[in-house]
Amino acid sequence: MVRVIMLSPPGAGKGTHSKWLTLHTGAAHISAGDLLRAEVARGSDLGRQVAAYTDRGDLVPDELIFRILAPAVVAAARSTGGYVLDGFPRTMPQALRAAQFGADLALTSNAVIYLTAPEEELVSRLLDRAQRDGRADDTLAVIRHRLAVFASETAPLVDYYRSRGILLELSTDRAEADVQADLLHWLEARGLMQHAAGQSSPDQAE
Ligand code: AMP
């Protein structure tokens, strides 16, 4: 079963590709951003603490992230045997702690998908999404800040996972179906999923 980390700057398509991959594999989709936004929407104390970071495009402190995510990952992995982690880990301390946590619970990730697109394409996609979804952090200034945070905090994870031999880098600056085909082919070649012969292509998510 796939236990995948989707690693990508904002706007590169980790939500979109996580969704169809989840449908295709039966692994649970765990979106860090969605869980955080749900906590904010609940209006809890924790949600108010979270919003102070997410509204500015800053990363939420690791302690809060683990408090919110760990139970979701354990429950999802128990029920489906796998996961598609969308938006976590995002810092080296998170990656190291997640690796320890995974080893302790036999839930170690077996693939990391690093999605890329040119920066101006990322900005333009996020501004389009702002028109559709009205997310508080999809304003131009906050988008630029989130991209800078990705470059300083999250980009180092690319080399970390590449050196572990489990990273696939994919450009999403092309048709979604081509990205899906490359990703499925890679997972099949690594024995992480069965060849889906005769299966119709997954719905285009998002
Ligand atoms: P996303 O929906 O993945 O774009 O995440 C939205 C926001 O949630 C980010 O800009 C961060 O403020 C926060 N966030 C999501 N995942 C994490 C994480 N793993 N660590 C810290 N903050 C996060």
# chains A, B, ... in the order shown; residues from 1 in each chain; ligands from 1
call {"tool": "residues_around", "arguments": {"residues": "segment 62-76 of chain A", "least_positions_apart": "3", "cutoff": "12 Å", "atoms": "only C-alpha atoms", "output": "PyMOL selection string"}}
result
chain A and resi 3-5+22+26-40+45-51+53-54+58-59+79-98+101-102+104-109
call {"tool": "closest_residue", "arguments": {"among": "A:Arg78, A:Ala99, A:Leu140, A:Glu153", "to": "ligand 1", "atoms": "only C-alpha atoms and all ligand atoms"}}
result
A:Glu153
call {"tool": "select_by_dssp", "arguments": {"residues": "segment 103-168 of chain A", "states": "alpha helix (DSSP H)", "output": "PyMOL selection string"}}
result
chain A and resi 103-105+119-133+140-149+156-163
call {"tool": "write_last_selection", "arguments": {"atoms": "N, CA, C and O atoms", "output": "compact mmCIF listing (two decimals), in the first residue's frame"}}
result
# COMPACT_ATOMS: atom_id res chain seq x y z
N ALA A 103 8.65 4.97 12.07
CA ALA A 103 9.40 3.77 12.41
C ALA A 103 8.79 3.09 13.64
O ALA A 103 8.63 1.86 13.67
N ASP A 104 8.41 3.87 14.62
CA ASP A 104 7.82 3.31 15.85
C ASP A 104 6.53 2.55 15.56
O ASP A 104 6.23 1.55 16.18
N LEU A 105 5.74 3.08 14.61
CA LEU A 105 4.41 2.50 14.38
C LEU A 105 4.34 1.67 13.09
O LEU A 105 3.24 1.30 12.67
N GLU A 119 7.64 29.69 -10.84
CA GLU A 119 7.05 30.52 -9.78
C GLU A 119 5.87 31.37 -10.26
O GLU A 119 4.84 31.47 -9.58
N GLU A 120 5.99 31.96 -11.45
CA GLU A 120 4.88 32.83 -11.89
C GLU A 120 3.62 32.02 -12.18
O GLU A 120 2.50 32.50 -12.02
N GLU A 121 3.81 30.76 -12.60
CA GLU A 121 2.67 29.86 -12.81
C GLU A 121 1.99 29.55 -11.47
O GLU A 121 0.77 29.53 -11.36
N LEU A 122 2.81 29.35 -10.44
CA LEU A 122 2.26 29.07 -9.10
C LEU A 122 1.41 30.25 -8.64
O LEU A 122 0.29 30.09 -8.15
N VAL A 123 1.97 31.46 -8.80
CA VAL A 123 1.26 32.66 -8.34
C VAL A 123 -0.05 32.80 -9.11
O VAL A 123 -1.11 33.04 -8.51
N SER A 124 0.01 32.59 -10.41
CA SER A 124 -1.21 32.79 -11.20
C SER A 124 -2.27 31.74 -10.85
O SER A 124 -3.45 32.05 -10.73
N ARG A 125 -1.86 30.49 -10.60
CA ARG A 125 -2.85 29.47 -10.19
C ARG A 125 -3.50 29.83 -8.85
O ARG A 125 -4.69 29.65 -8.66
N LEU A 126 -2.67 30.33 -7.92
CA LEU A 126 -3.22 30.64 -6.59
C LEU A 126 -4.16 31.84 -6.65
O LEU A 126 -5.17 31.89 -5.95
N LEU A 127 -3.84 32.81 -7.51
CA LEU A 127 -4.74 33.96 -7.66
C LEU A 127 -6.06 33.51 -8.31
O LEU A 127 -7.14 34.00 -7.94
N ASP A 128 -5.99 32.56 -9.23
CA ASP A 128 -7.23 31.99 -9.81
C ASP A 128 -8.05 31.31 -8.72
O ASP A 128 -9.26 31.45 -8.65
N ARG A 129 -7.35 30.53 -7.89
CA ARG A 129 -8.06 29.82 -6.81
C ARG A 129 -8.73 30.81 -5.86
O ARG A 129 -9.81 30.56 -5.35
N ALA A 130 -8.06 31.95 -5.63
CA ALA A 130 -8.61 32.96 -4.74
C ALA A 130 -9.98 33.41 -5.24
O ALA A 130 -10.91 33.62 -4.45
N GLN A 131 -10.12 33.53 -6.56
CA GLN A 131 -11.41 33.94 -7.13
C GLN A 131 -12.48 32.89 -6.85
O GLN A 131 -13.63 33.21 -6.59
N ARG A 132 -12.08 31.60 -6.90
CA ARG A 132 -13.05 30.52 -6.73
C ARG A 132 -13.36 30.26 -5.27
O ARG A 132 -14.50 30.14 -4.87
N ASP A 133 -12.31 30.14 -4.43
CA ASP A 133 -12.49 29.63 -3.06
C ASP A 133 -12.42 30.72 -2.00
O ASP A 133 -12.83 30.49 -0.87
N LEU A 140 -2.01 38.24 -2.94
CA LEU A 140 -0.69 38.27 -3.56
C LEU A 140 0.44 38.34 -2.53
O LEU A 140 1.42 37.59 -2.63
N ALA A 141 0.29 39.23 -1.54
CA ALA A 141 1.38 39.39 -0.56
C ALA A 141 1.60 38.10 0.23
O ALA A 141 2.74 37.68 0.45
N VAL A 142 0.50 37.46 0.64
CA VAL A 142 0.63 36.23 1.44
C VAL A 142 1.14 35.08 0.57
O VAL A 142 1.94 34.26 1.01
N ILE A 143 0.72 35.05 -0.69
CA ILE A 143 1.22 34.00 -1.61
C ILE A 143 2.74 34.12 -1.74
O ILE A 143 3.48 33.13 -1.63
N ARG A 144 3.22 35.35 -1.95
CA ARG A 144 4.68 35.55 -2.09
C ARG A 144 5.39 35.09 -0.81
O ARG A 144 6.45 34.47 -0.86
N HIS A 145 4.81 35.41 0.33
CA HIS A 145 5.42 35.01 1.60
C HIS A 145 5.43 33.48 1.72
O HIS A 145 6.43 32.88 2.13
N ARG A 146 4.32 32.82 1.35
CA ARG A 146 4.27 31.35 1.45
C ARG A 146 5.32 30.71 0.55
O ARG A 146 5.92 29.70 0.91
N LEU A 147 5.54 31.31 -0.62
CA LEU A 147 6.58 30.76 -1.52
C LEU A 147 7.96 30.92 -0.89
O LEU A 147 8.81 30.03 -0.98
N ALA A 148 8.19 32.05 -0.23
CA ALA A 148 9.49 32.27 0.43
C ALA A 148 9.66 31.29 1.59
O ALA A 148 10.76 30.74 1.80
N VAL A 149 8.58 31.04 2.32
CA VAL A 149 8.63 30.08 3.43
C VAL A 149 8.93 28.68 2.88
O VAL A 149 9.74 27.93 3.45
N PRO A 156 14.57 22.18 1.75
CA PRO A 156 15.62 21.26 2.19
C PRO A 156 15.15 19.79 2.30
O PRO A 156 15.97 18.87 2.26
N LEU A 157 13.86 19.57 2.40
CA LEU A 157 13.35 18.20 2.50
C LEU A 157 13.56 17.44 1.19
O LEU A 157 13.61 16.20 1.19
N VAL A 158 13.67 18.18 0.08
CA VAL A 158 13.82 17.52 -1.22
C VAL A 158 15.11 16.68 -1.22
O VAL A 158 15.09 15.50 -1.56
N ASP A 159 16.21 17.28 -0.81
CA ASP A 159 17.48 16.54 -0.78
C ASP A 159 17.45 15.42 0.26
O ASP A 159 18.01 14.34 0.04
N TYR A 160 16.81 15.70 1.37
CA TYR A 160 16.72 14.69 2.43
C TYR A 160 16.04 13.42 1.89
O TYR A 160 16.55 12.30 2.04
N TYR A 161 14.88 13.59 1.23
CA TYR A 161 14.17 12.41 0.72
C TYR A 161 14.85 11.84 -0.52
O TYR A 161 14.81 10.63 -0.75
N ARG A 162 15.47 12.72 -1.33
CA ARG A 162 16.18 12.21 -2.51
C ARG A 162 17.30 11.27 -2.06
O ARG A 162 17.50 10.20 -2.62
N SER A 163 17.99 11.67 -0.99
CA SER A 163 19.12 10.84 -0.53
C SER A 163 18.61 9.52 0.07
O SER A 163 19.37 8.56 0.14
call {"tool": "select_by_dssp", "arguments": {"residues": "segment 29-108 of chain A", "states": "strand (DSSP E)", "output": "VMD selection string"}}
result
chain A and resid 29 to 31 83 to 86
call {"tool": "closest_residue", "arguments": {"among": "A:Leu115, A:Ala151, A:Val60, A:Val179", "to": "ligand 1", "atoms": "only C-alpha atoms and all ligand atoms"}}
result
A:Val60
call {"tool": "closest_residue", "arguments": {"among": "A:Thr154, A:Arg164, A:Met1, A:Ala117", "to": "Leu21 of chain A", "atoms": "only C-alpha atoms"}}
result
A:Met1
call {"tool": "closest_residue", "arguments": {"among": "A:Arg190, A:Arg174, A:Lys19, A:Arg56", "to": "Thr139 of chain A", "atoms": "only C-alpha atoms"}}
result
A:Arg56
call {"tool": "atom_distance", "arguments": {"atom1": "atom 21 (C, counted along the ligand's line) of ligand 1", "atom2": "atom CA of Asp55 of chain A"}}
result
12.1 Å
call {"tool": "atom_distance", "arguments": {"atom1": "atom CA of Ala177 of chain A", "atom2": "atom CA of Gly11 of chain A"}}
result
17.1 Å
call {"tool": "residues_around", "arguments": {"residues": "Leu167 of chain A", "least_positions_apart": "2", "cutoff": "7 Å", "atoms": "only C-alpha atoms", "output": "PyMOL selection string"}}
result
chain A and resi 111-114+161-162+165+169
call {"tool": "decode", "arguments": {"residues": "segment 20-148 of chain A", "atoms": "C-alpha atoms", "output": "PDB file, in the first residue's frame"}}
result
ATOM      1  CA  TRP A  20      -7.112  11.365  -7.421  1.00  0.00           C
ATOM      2  CA  LEU A  21      -4.228   9.345  -5.977  1.00  0.00           C
ATOM      3  CA  THR A  22      -6.385   8.675  -2.933  1.00  0.00           C
ATOM      4  CA  LEU A  23      -9.285   7.508  -5.118  1.00  0.00           C
ATOM      5  CA  HIS A  24      -6.966   5.358  -7.178  1.00  0.00           C
ATOM      6  CA  THR A  25      -5.137   3.651  -4.320  1.00  0.00           C
ATOM      7  CA  GLY A  26      -7.671   3.524  -1.495  1.00  0.00           C
ATOM      8  CA  ALA A  27      -5.126   5.132   0.845  1.00  0.00           C
ATOM      9  CA  ALA A  28      -6.430   7.843   3.148  1.00  0.00           C
ATOM     10  CA  HIS A  29      -5.973  11.467   2.107  1.00  0.00           C
ATOM     11  CA  ILE A  30      -4.682  13.565   4.989  1.00  0.00           C
ATOM     12  CA  SER A  31      -4.442  17.246   4.165  1.00  0.00           C
ATOM     13  CA  ALA A  32      -2.624  19.260   6.818  1.00  0.00           C
ATOM     14  CA  GLY A  33      -4.113  22.501   5.461  1.00  0.00           C
ATOM     15  CA  ASP A  34      -7.679  21.113   5.472  1.00  0.00           C
ATOM     16  CA  LEU A  35      -7.315  19.823   9.045  1.00  0.00           C
ATOM     17  CA  LEU A  36      -5.974  23.213  10.147  1.00  0.00           C
ATOM     18  CA  ARG A  37      -8.766  25.101   8.347  1.00  0.00           C
ATOM     19  CA  ALA A  38     -11.352  22.776   9.964  1.00  0.00           C
ATOM     20  CA  GLU A  39      -9.885  23.581  13.387  1.00  0.00           C
ATOM     21  CA  VAL A  40     -10.053  27.319  12.596  1.00  0.00           C
ATOM     22  CA  ALA A  41     -13.677  26.943  11.408  1.00  0.00           C
ATOM     23  CA  ARG A  42     -14.584  25.230  14.712  1.00  0.00           C
ATOM     24  CA  GLY A  43     -13.601  28.443  16.465  1.00  0.00           C
ATOM     25  CA  SER A  44     -11.718  26.565  19.211  1.00  0.00           C
ATOM     26  CA  ASP A  45      -8.819  28.070  21.169  1.00  0.00           C
ATOM     27  CA  LEU A  46      -6.500  25.862  19.150  1.00  0.00           C
ATOM     28  CA  GLY A  47      -8.152  27.127  15.946  1.00  0.00           C
ATOM     29  CA  ARG A  48      -7.560  30.742  16.968  1.00  0.00           C
ATOM     30  CA  GLN A  49      -3.886  29.986  17.610  1.00  0.00           C
ATOM     31  CA  VAL A  50      -3.631  28.276  14.218  1.00  0.00           C
ATOM     32  CA  ALA A  51      -5.302  31.160  12.323  1.00  0.00           C
ATOM     33  CA  ALA A  52      -2.743  33.621  13.655  1.00  0.00           C
ATOM     34  CA  TYR A  53      -0.130  31.756  11.581  1.00  0.00           C
ATOM     35  CA  THR A  54      -2.090  30.557   8.556  1.00  0.00           C
ATOM     36  CA  ASP A  55      -3.606  33.988   7.800  1.00  0.00           C
ATOM     37  CA  ARG A  56      -0.088  35.431   7.491  1.00  0.00           C
ATOM     38  CA  GLY A  57       1.217  32.470   5.494  1.00  0.00           C
ATOM     39  CA  ASP A  58       3.589  31.452   8.291  1.00  0.00           C
ATOM     40  CA  LEU A  59       4.022  27.842   9.296  1.00  0.00           C
ATOM     41  CA  VAL A  60       2.098  26.672  12.333  1.00  0.00           C
ATOM     42  CA  PRO A  61       4.503  25.594  15.133  1.00  0.00           C
ATOM     43  CA  ASP A  62       5.434  21.919  15.043  1.00  0.00           C
ATOM     44  CA  GLU A  63       3.804  21.168  18.409  1.00  0.00           C
ATOM     45  CA  LEU A  64       0.391  22.294  17.185  1.00  0.00           C
ATOM     46  CA  ILE A  65       0.844  20.443  13.901  1.00  0.00           C
ATOM     47  CA  PHE A  66       1.640  17.163  15.634  1.00  0.00           C
ATOM     48  CA  ARG A  67      -1.246  17.606  18.063  1.00  0.00           C
ATOM     49  CA  ILE A  68      -3.677  17.967  15.151  1.00  0.00           C
ATOM     50  CA  LEU A  69      -2.126  15.568  12.633  1.00  0.00           C
ATOM     51  CA  ALA A  70      -0.813  12.590  14.582  1.00  0.00           C
ATOM     52  CA  PRO A  71      -4.228  11.150  15.554  1.00  0.00           C
ATOM     53  CA  ALA A  72      -5.482  11.596  11.972  1.00  0.00           C
ATOM     54  CA  VAL A  73      -2.481   9.797  10.479  1.00  0.00           C
ATOM     55  CA  VAL A  74      -2.689   6.885  12.904  1.00  0.00           C
ATOM     56  CA  ALA A  75      -6.458   6.463  12.436  1.00  0.00           C
ATOM     57  CA  ALA A  76      -6.238   6.721   8.651  1.00  0.00           C
ATOM     58  CA  ALA A  77      -3.320   4.348   8.317  1.00  0.00           C
ATOM     59  CA  ARG A  78      -5.063   1.808  10.578  1.00  0.00           C
ATOM     60  CA  SER A  79      -8.259   1.879   8.550  1.00  0.00           C
ATOM     61  CA  THR A  80      -6.752   1.856   5.046  1.00  0.00           C
ATOM     62  CA  GLY A  81      -3.167   0.628   5.541  1.00  0.00           C
ATOM     63  CA  GLY A  82      -1.788   3.632   3.696  1.00  0.00           C
ATOM     64  CA  TYR A  83      -1.872   7.402   3.400  1.00  0.00           C
ATOM     65  CA  VAL A  84      -1.375  10.313   1.065  1.00  0.00           C
ATOM     66  CA  LEU A  85       0.068  13.069   3.240  1.00  0.00           C
ATOM     67  CA  ASP A  86      -0.745  16.404   1.656  1.00  0.00           C
ATOM     68  CA  GLY A  87       1.210  19.306   3.134  1.00  0.00           C
ATOM     69  CA  PHE A  88       3.124  17.485   5.853  1.00  0.00           C
ATOM     70  CA  PRO A  89       6.005  17.414   6.711  1.00  0.00           C
ATOM     71  CA  ARG A  90       7.044  20.948   5.808  1.00  0.00           C
ATOM     72  CA  THR A  91      10.161  21.475   7.940  1.00  0.00           C
ATOM     73  CA  MET A  92      13.226  19.337   8.674  1.00  0.00           C
ATOM     74  CA  PRO A  93      12.249  18.933  12.357  1.00  0.00           C
ATOM     75  CA  GLN A  94       8.802  17.740  11.224  1.00  0.00           C
ATOM     76  CA  ALA A  95      10.391  15.309   8.739  1.00  0.00           C
ATOM     77  CA  LEU A  96      12.734  13.858  11.352  1.00  0.00           C
ATOM     78  CA  ARG A  97       9.987  13.514  13.918  1.00  0.00           C
ATOM     79  CA  ALA A  98       7.669  11.972  11.335  1.00  0.00           C
ATOM     80  CA  ALA A  99      10.374   9.454  10.392  1.00  0.00           C
ATOM     81  CA  GLN A 100      10.745   8.427  14.041  1.00  0.00           C
ATOM     82  CA  PHE A 101       6.989   8.254  14.502  1.00  0.00           C
ATOM     83  CA  GLY A 102       6.680   6.172  11.309  1.00  0.00           C
ATOM     84  CA  ALA A 103       9.403   3.767  12.414  1.00  0.00           C
ATOM     85  CA  ASP A 104       7.825   3.310  15.847  1.00  0.00           C
ATOM     86  CA  LEU A 105       4.408   2.501  14.378  1.00  0.00           C
ATOM     87  CA  ALA A 106       5.533   0.650  11.209  1.00  0.00           C
ATOM     88  CA  LEU A 107       4.057   3.441   9.110  1.00  0.00           C
ATOM     89  CA  THR A 108       7.223   4.629   7.354  1.00  0.00           C
ATOM     90  CA  SER A 109       6.619   6.562   4.119  1.00  0.00           C
ATOM     91  CA  ASN A 110       7.596   4.683   0.965  1.00  0.00           C
ATOM     92  CA  ALA A 111       7.325   7.500  -1.610  1.00  0.00           C
ATOM     93  CA  VAL A 112       7.716  11.260  -1.750  1.00  0.00           C
ATOM     94  CA  ILE A 113       6.285  13.127  -4.731  1.00  0.00           C
ATOM     95  CA  TYR A 114       7.886  16.511  -5.313  1.00  0.00           C
ATOM     96  CA  LEU A 115       5.713  18.631  -7.612  1.00  0.00           C
ATOM     97  CA  THR A 116       7.199  21.657  -9.339  1.00  0.00           C
ATOM     98  CA  ALA A 117       6.075  24.514 -11.586  1.00  0.00           C
ATOM     99  CA  PRO A 118       7.608  27.892 -12.476  1.00  0.00           C
ATOM    100  CA  GLU A 119       7.050  30.521  -9.782  1.00  0.00           C
ATOM    101  CA  GLU A 120       4.881  32.829 -11.889  1.00  0.00           C
ATOM    102  CA  GLU A 121       2.668  29.862 -12.814  1.00  0.00           C
ATOM    103  CA  LEU A 122       2.260  29.074  -9.096  1.00  0.00           C
ATOM    104  CA  VAL A 123       1.261  32.665  -8.345  1.00  0.00           C
ATOM    105  CA  SER A 124      -1.211  32.791 -11.197  1.00  0.00           C
ATOM    106  CA  ARG A 125      -2.847  29.468 -10.187  1.00  0.00           C
ATOM    107  CA  LEU A 126      -3.219  30.638  -6.587  1.00  0.00           C
ATOM    108  CA  LEU A 127      -4.739  33.959  -7.660  1.00  0.00           C
ATOM    109  CA  ASP A 128      -7.229  31.989  -9.809  1.00  0.00           C
ATOM    110  CA  ARG A 129      -8.065  29.819  -6.815  1.00  0.00           C
ATOM    111  CA  ALA A 130      -8.611  32.964  -4.739  1.00  0.00           C
ATOM    112  CA  GLN A 131     -11.412  33.942  -7.129  1.00  0.00           C
ATOM    113  CA  ARG A 132     -13.053  30.521  -6.728  1.00  0.00           C
ATOM    114  CA  ASP A 133     -12.493  29.631  -3.063  1.00  0.00           C
ATOM    115  CA  GLY A 134     -11.730  32.939  -1.339  1.00  0.00           C
ATOM    116  CA  ARG A 135      -9.048  31.459   0.950  1.00  0.00           C
ATOM    117  CA  ALA A 136      -7.729  34.038   3.423  1.00  0.00           C
ATOM    118  CA  ASP A 137      -4.121  33.221   2.520  1.00  0.00           C
ATOM    119  CA  ASP A 138      -4.514  33.481  -1.271  1.00  0.00           C
ATOM    120  CA  THR A 139      -3.719  37.202  -1.537  1.00  0.00           C
ATOM    121  CA  LEU A 140      -0.692  38.266  -3.562  1.00  0.00           C
ATOM    122  CA  ALA A 141       1.381  39.394  -0.560  1.00  0.00           C
ATOM    123  CA  VAL A 142       0.630  36.234   1.441  1.00  0.00           C
ATOM    124  CA  ILE A 143       1.224  34.003  -1.610  1.00  0.00           C
ATOM    125  CA  ARG A 144       4.678  35.548  -2.087  1.00  0.00           C
ATOM    126  CA  HIS A 145       5.419  35.011   1.596  1.00  0.00           C
ATOM    127  CA  ARG A 146       4.267  31.354   1.446  1.00  0.00           C
ATOM    128  CA  LEU A 147       6.577  30.763  -1.516  1.00  0.00           C
ATOM    129  CA  ALA A 148       9.487  32.268   0.431  1.00  0.00           C
TER     130      ALA A 148
END
